[in-house]
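First comes the structure, then the notes that go with it.
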Amino acid sequence: MDDLKVQIGSMSLKNPIIPASGTFGFGKEFMDFINIEKLGAVLTKSITLQERLGNPQPRLYETSSGLLNSIGLENKGFEYFDSTIYPFLSNLNTSRWVSIAGSSIEEYWELAERLELKTIDAIEVNVSCPNVKSGGVQFCQNQEMLKSVVSGVRKRTKKTILIKISLETQSIQQAAKLIQDEGADGICVGNTIKGIAINIKTKKPLFANIYAGLSGPAIKPIALRAVWDVYKAVPELPIIGCGGISTWIDVIEFLLGGASAVEIGTINLIRPQSMIHILEGLEAYCLEQKTALRSLIGLAHQREDA
Amino acid sequence: MKMEIQGFVEDNVPIGKDVFKCTLDIGFIPGDILPGQFIQISCPGKNLTFLRRPLSVSGFIPPILTVLYKVVGYGTQNLSELKKGQKVDLILPLGRGFSKPAPHQEVLLFGGGIGIAPLLYYIDYYHTIMPSLTFNLYYGVSREDEKIEITLPDPFPGNIVYHIDWREGQYNGNLLDCFQTVPTESFDLSIACGPISMMKAFSNHMQERNLPLEVSLESRMACGFGVCLGCSIQTFDGSKTVCADGPVFDSNQIDWTKVWTT
């Protein structure tokens with residue numbers, strides 16, 4: 001259906017529905033539930049250069065409308081991705097995106113360099129990770145670090161690059177401008193929000209790292225606010241909204257607020273068919289409203305400006 | 001093949017202290033559900049819950065699926081209040097079950113507390129398709145009031161040992177203590193499900209005697225199908241998910257020093 005098509009830089013997507021990294025495995029895990037080639041793009045779990053074992057248990061804590069997680073980017077590393085996942089991913093008949101994460105600036109650069117040779121369509125650069133050399137400051141929280149990651153990745157690849165920032169990025173509008181200036185093709189807003197849980201039996205923090213990331217419907221209005229603010233700062237830069245989006249109505253809200261596409265995350269874990277249900281809802285909406293999704297992008301801002 | 005379906009409560013009754021047996025009409029699904037596999041069930045009710053709850057299958061005769069659960073928190077409390085006819089959302093069948101026994105084998109089963117649930121399905125399922133099997137069931141609870149009403153084939157194709165650790169304030173040893181002196185040579189395979197401490201102890205015991213043991217682990221889970229990695233454990237064969245690589249593992253594979261328990 002043409003009405004669902006959206007554009008991210010030079011990349012055309014059949015629809016704006018993309019699974020959020022970390023909630024979709026490498027795609028294979030969903031094939032019993034849905035036809036993953038119906039999605040606007042397939043986006044992998046974040047990969048790092050070397051294998052990461054991730055954080056100790058416990059890793060999960062349920063809230064009444066969300067999920068706190070402390071997974072710690074567990075993944076088997078680039079070589080495993082290359083030998084086991086890539087052959088499958090590269091043959092998919094939809095846009096193929098790989099998420100990369102690093103614990104140093106150079107790790108991002110090297111991953112970008114290695115992926116430049118691959119048959120994939122986009123690299124999502126997860127800059128919400130802590131920089132080990134800088135005492136664990138998230139890359140997106142320091143403009144200099146952010147600049148070096150984005151410009152270095154840009155230099156090493158001609159592929160579409162999308163920078164995924166935290167919803168808690170300080171001076172988020174400045175960060176968005178920097179990301180645009182350094183040549184990124186889009187910005188993904190955002191990632192989980194820090195929270196904590198306390199074990200009432202031990203009377204200690206539940207998670208070994210104390211902080212964990214909150215996702216799910218609880219954070220949707222916060223993510224939408226961040227998309228709104230980023231759109232105001234960089235209306236020309238494609239935005240991918242992410243945070244608690246669970247229904248087609250949520251998607252329309254994000255498009256109206258300025259997103260060109262969205263990532264669906266935590267709801268995939270509970271309702272693995274939800275992205276397909278969302279697509280059906282969007283299709284029905286376009287037919288009923290006689291509109292194309294791309295014409296909705298940022299529309300809510302016009303009203304405010306008028 | 002894993003699927004997202006709906007089920008309707010047929011019956012949901014207490015069978016012990018805080019333990020319930022729930023039967024669900026899930027319709028006729030393609031494919032089978034194997035002993036050791038589990039389901040993810042939504043928990044509608046007065047408590048606001050977001051995730052599903054993973055429950056072992058303890059019986060399946062199409063279209064009726066049986067689960068046993070202990071009320072331990074918000075989700076299971078909601079489940080305990082479900083009434084006949086109420087709808088629940090399910091993802092099933094999930095995980096890797098127990099290895100299939102061969103005809104005429106002698107199987108040893110250790111169940112601790114609510115960990116008996118998947119063993120009941122194992123006995124029922126394999127006894128039906130392989131009547132030549134012999135089952136030696138060791139079932140233990142820590143206190144008298146934790147004993148639950150269980151249904152087993154009658155006559156039972158083998159032996160059953162019930163054990164209660166504490167009786168009238170007196171400690172009588174645990175399930176392993178009453179198994180210590182049993183010669184293990186005649187057993188072909190063994191499976192266990194229960195508290196981590198119990199499975200760890202049995203694992204050592206069987207390892208010393210060079211007998212294979214498969215254990216079914218439990219874990220908090222978000223997805224249940226290998227995506228979120230919320231239930232990862234470290235094994236001697238690398239990182240594994242309880243939900244997709246397990247919940248049944250060869251006990252020699254498990255690094256018990258790293259298994260987390262609530």
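Letters for chains follow the order of the structure tokens (A, B, ...), residue numbers begin at 1 for each chain, and ligand numbers begin at 1 in the order shown.
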
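For Arg225 (chain A), the non-local neighbours within 12 Å, defined as residues at least 5 positions apart in the same chain or in other chains and counting only C-alpha atoms, are Leu167, Glu168, Ile172, Gln173, Val189, Gly190, Ile219, Lys220, Val230, Tyr231, Lys232, Gly241, Cys242, Gly243, Glu253, Phe254, Leu256, Gly257, Gly258 and Ala259 of chain A.
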
Compute the set of chain B residues within 6 Å of chain A, using only C-alpha atoms, and express it as a PDB file with N, CA and C atoms, in the first residue's frame.
ATOM      1  N   LYS B   2       5.533 -21.916  17.423  1.00  0.00           N
ATOM      2  CA  LYS B   2       5.016 -21.061  18.492  1.00  0.00           C
ATOM      3  C   LYS B   2       3.845 -20.229  17.970  1.00  0.00           C
ATOM      4  N   LEU B  48      -2.574  -4.453  38.378  1.00  0.00           N
ATOM      5  CA  LEU B  48      -2.093  -4.032  37.066  1.00  0.00           C
ATOM      6  C   LEU B  48      -0.813  -4.791  36.753  1.00  0.00           C
ATOM      7  N   THR B  49      -0.892  -5.679  35.808  1.00  0.00           N
ATOM      8  CA  THR B  49       0.313  -6.391  35.396  1.00  0.00           C
ATOM      9  C   THR B  49       0.564  -6.071  33.937  1.00  0.00           C
ATOM     10  N   PHE B  50       1.813  -6.178  33.527  1.00  0.00           N
ATOM     11  CA  PHE B  50       2.176  -5.810  32.170  1.00  0.00           C
ATOM     12  C   PHE B  50       2.669  -7.019  31.388  1.00  0.00           C
ATOM     13  N   CYS B 223       9.811 -11.960  27.423  1.00  0.00           N
ATOM     14  CA  CYS B 223       9.196 -12.488  26.197  1.00  0.00           C
ATOM     15  C   CYS B 223       8.840 -13.969  26.285  1.00  0.00           C
ATOM     16  N   VAL B 227      14.202 -13.500  23.018  1.00  0.00           N
ATOM     17  CA  VAL B 227      14.485 -12.208  22.421  1.00  0.00           C
ATOM     18  C   VAL B 227      15.046 -11.194  23.410  1.00  0.00           C
ATOM     19  N   CYS B 228      14.441 -11.091  24.576  1.00  0.00           N
ATOM     20  CA  CYS B 228      14.822 -10.000  25.487  1.00  0.00           C
ATOM     21  C   CYS B 228      16.100 -10.316  26.262  1.00  0.00           C
ATOM     22  N   GLY B 230      16.323 -11.519  29.083  1.00  0.00           N
ATOM     23  CA  GLY B 230      16.111 -11.260  30.506  1.00  0.00           C
ATOM     24  C   GLY B 230      16.395 -12.477  31.367  1.00  0.00           C
TER      25      GLY B 230
END

Need the shell around Val42 (chain A): protein/DNA/RNA residues with any atom at most 9 Å away, counting only C-alpha atoms. Skip same-chain ones fewer than 6 positions apart. Format as a list in words?
Ile18, Pro19, Ala20, Phe24, Phe26, Gly27, Ile36, Leu89, Leu92, Thr94, Ser95, Arg96, Trp97 and Val98 of chain A

Which neighbours of Pro63 (chain B) fall inside 10 Å, counting only C-alpha atoms, when residues of the same chain fewer than 5 positions from it are skipped, and could you give them as a ChimeraX atom specification?
/B:7,23-29

Just the residues within 12 Å of Glu144 (chain B), please, counting only C-alpha atoms, with nothing from its chain fewer than 4 positions along; format it as a list of chain:residue names.
B:Gly16, B:Lys17, B:Gly113, B:Gly140, B:Ile148, B:Tyr162, B:His163, B:Ile164, B:Asp165, B:Trp166, B:Arg167, B:Glu168, B:Gly169, B:Gln170, B:Tyr171, B:Asn172

Pull C-alpha atoms from the residues just selected and write them as an mmCIF file, in the first residue's frame.
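Dumped everything to result_21.cif:
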data_model
loop_
_atom_site.group_PDB
_atom_site.id
_atom_site.type_symbol
_atom_site.label_atom_id
_atom_site.label_comp_id
_atom_site.auth_asym_id
_atom_site.auth_seq_id
_atom_site.Cartn_x
_atom_site.Cartn_y
_atom_site.Cartn_z
ATOM 1 C CA GLY B 16 -3.147 -26.955 48.141
ATOM 2 C CA LYS B 17 -1.953 -23.977 50.114
ATOM 3 C CA GLY B 113 7.043 -28.307 45.564
ATOM 4 C CA GLY B 140 8.971 -33.664 48.207
ATOM 5 C CA ILE B 148 -0.836 -30.668 46.791
ATOM 6 C CA TYR B 162 6.442 -38.852 48.983
ATOM 7 C CA HIS B 163 8.594 -36.900 51.356
ATOM 8 C CA ILE B 164 7.871 -34.076 53.767
ATOM 9 C CA ASP B 165 10.919 -32.337 55.243
ATOM 10 C CA TRP B 166 9.207 -31.003 58.374
ATOM 11 C CA ARG B 167 6.521 -32.959 60.211
ATOM 12 C CA GLU B 168 5.015 -31.713 63.475
ATOM 13 C CA GLY B 169 8.000 -29.452 64.034
ATOM 14 C CA GLN B 170 10.510 -32.266 63.479
ATOM 15 C CA TYR B 171 13.017 -32.158 60.618
ATOM 16 C CA ASN B 172 13.150 -35.446 58.726
#

Show me, as a PDB file with C-alpha atoms, in the first residue's frame, the residues that have an atom within 10 Å of Ile240 (chain A) when counting only C-alpha atoms, minus same-chain residues fewer than 2 positions from it.
ATOM      1  CA  ILE A   8      14.317   8.334   5.684  1.00  0.00           C
ATOM      2  CA  PRO A  16       7.111   3.284   9.065  1.00  0.00           C
ATOM      3  CA  ILE A  17       7.028   0.244  11.374  1.00  0.00           C
ATOM      4  CA  ILE A  18      10.433  -0.918  12.587  1.00  0.00           C
ATOM      5  CA  LEU A 162      20.753   6.827  12.190  1.00  0.00           C
ATOM      6  CA  ILE A 163      21.827   8.028  15.597  1.00  0.00           C
ATOM      7  CA  LYS A 164      19.833   6.641  18.508  1.00  0.00           C
ATOM      8  CA  GLY A 186      18.323  10.508  10.718  1.00  0.00           C
ATOM      9  CA  ILE A 187      17.926  10.502  14.464  1.00  0.00           C
ATOM     10  CA  CYS A 188      16.178   7.937  16.574  1.00  0.00           C
ATOM     11  CA  VAL A 189      14.492   9.419  19.637  1.00  0.00           C
ATOM     12  CA  GLY A 190      14.991   7.579  21.966  1.00  0.00           C
ATOM     13  CA  VAL A 227      10.271  13.860  19.353  1.00  0.00           C
ATOM     14  CA  LEU A 237      16.233  15.704   9.765  1.00  0.00           C
ATOM     15  CA  PRO A 238      14.152  12.499   9.638  1.00  0.00           C
ATOM     16  CA  CYS A 242      10.765   5.205  19.894  1.00  0.00           C
ATOM     17  CA  PHE A 254       4.241  10.216  16.729  1.00  0.00           C
ATOM     18  CA  LEU A 255       3.943  11.012  13.018  1.00  0.00           C
ATOM     19  CA  GLY A 258       7.247  14.984  13.828  1.00  0.00           C
ATOM     20  CA  ALA A 259       8.473  11.397  13.445  1.00  0.00           C
ATOM     21  CA  SER A 260       8.922   9.966   9.938  1.00  0.00           C
ATOM     22  CA  ALA A 261       8.936   6.408  11.229  1.00  0.00           C
ATOM     23  CA  VAL A 262       8.693   4.625  14.564  1.00  0.00           C
ATOM     24  CA  GLU A 263      10.258   1.750  16.407  1.00  0.00           C
TER      25      GLU A 263
END

When you look at Thr76 (chain B) with a cut-off of 12 Å (counting only C-alpha atoms), what residues show up, excluding the ones that are within fewer than 4 positions of it in the same chain? I need them as an mmCIF file with C-alpha atoms, in the first residue's frame.
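Output saved as result.cif:
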data_model
loop_
_atom_site.group_PDB
_atom_site.id
_atom_site.type_symbol
_atom_site.label_atom_id
_atom_site.label_comp_id
_atom_site.auth_asym_id
_atom_site.auth_seq_id
_atom_site.Cartn_x
_atom_site.Cartn_y
_atom_site.Cartn_z
ATOM 1 C CA ASN B 12 -9.499 -22.933 38.307
ATOM 2 C CA ASP B 18 -1.684 -21.080 47.596
ATOM 3 C CA VAL B 19 -1.480 -23.606 44.756
ATOM 4 C CA PHE B 20 -4.046 -23.732 41.979
ATOM 5 C CA LYS B 21 -4.844 -26.005 39.109
ATOM 6 C CA CYS B 22 -6.208 -24.259 36.054
ATOM 7 C CA ILE B 41 -0.174 -16.481 29.991
ATOM 8 C CA SER B 42 -1.694 -13.024 30.417
ATOM 9 C CA CYS B 43 -2.942 -12.266 33.918
ATOM 10 C CA PRO B 44 -6.053 -10.099 33.665
ATOM 11 C CA GLY B 45 -7.489 -8.904 36.965
ATOM 12 C CA LYS B 46 -7.468 -6.296 39.685
ATOM 13 C CA ASN B 47 -3.668 -5.992 39.909
ATOM 14 C CA LEU B 48 -2.093 -4.032 37.066
ATOM 15 C CA THR B 49 0.313 -6.391 35.396
ATOM 16 C CA LEU B 51 4.016 -9.015 31.392
ATOM 17 C CA ARG B 52 2.703 -12.508 30.912
ATOM 18 C CA ARG B 53 3.690 -15.253 33.347
ATOM 19 C CA PRO B 54 5.592 -18.365 32.265
ATOM 20 C CA LEU B 55 3.942 -21.590 33.492
ATOM 21 C CA VAL B 67 -1.242 -25.647 34.420
ATOM 22 C CA LEU B 68 -0.424 -25.623 38.125
ATOM 23 C CA TYR B 69 0.762 -22.423 39.750
ATOM 24 C CA LYS B 70 1.590 -21.038 43.129
ATOM 25 C CA VAL B 71 0.369 -17.581 44.098
ATOM 26 C CA VAL B 72 3.535 -15.575 44.651
ATOM 27 C CA SER B 80 -6.151 -17.340 41.069
ATOM 28 C CA GLU B 81 -9.275 -15.198 40.713
ATOM 29 C CA LEU B 82 -10.090 -16.218 37.148
#

What does the distance between CA of Ser46 (chain A) and CA of Gly265 (chain A) come to in Å, to one decimal place?
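For CA of Ser46 (chain A) relative to CA of Gly265 (chain A), the distance reads 13.4 Å.
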
If you run DSSP on this backbone, which residues of region 54-214 of chain A come out as alpha helix (DSSP H), and could you give them as JSON, numbers by chain?
{"A": [78, 79, 80, 86, 87, 88, 89, 90, 105, 106, 107, 108, 109, 110, 111, 112, 113, 114, 115, 116, 143, 144, 145, 146, 147, 148, 149, 150, 151, 152, 153, 154, 155, 156, 172, 173, 174, 175, 176, 177, 178, 179, 180, 181]}
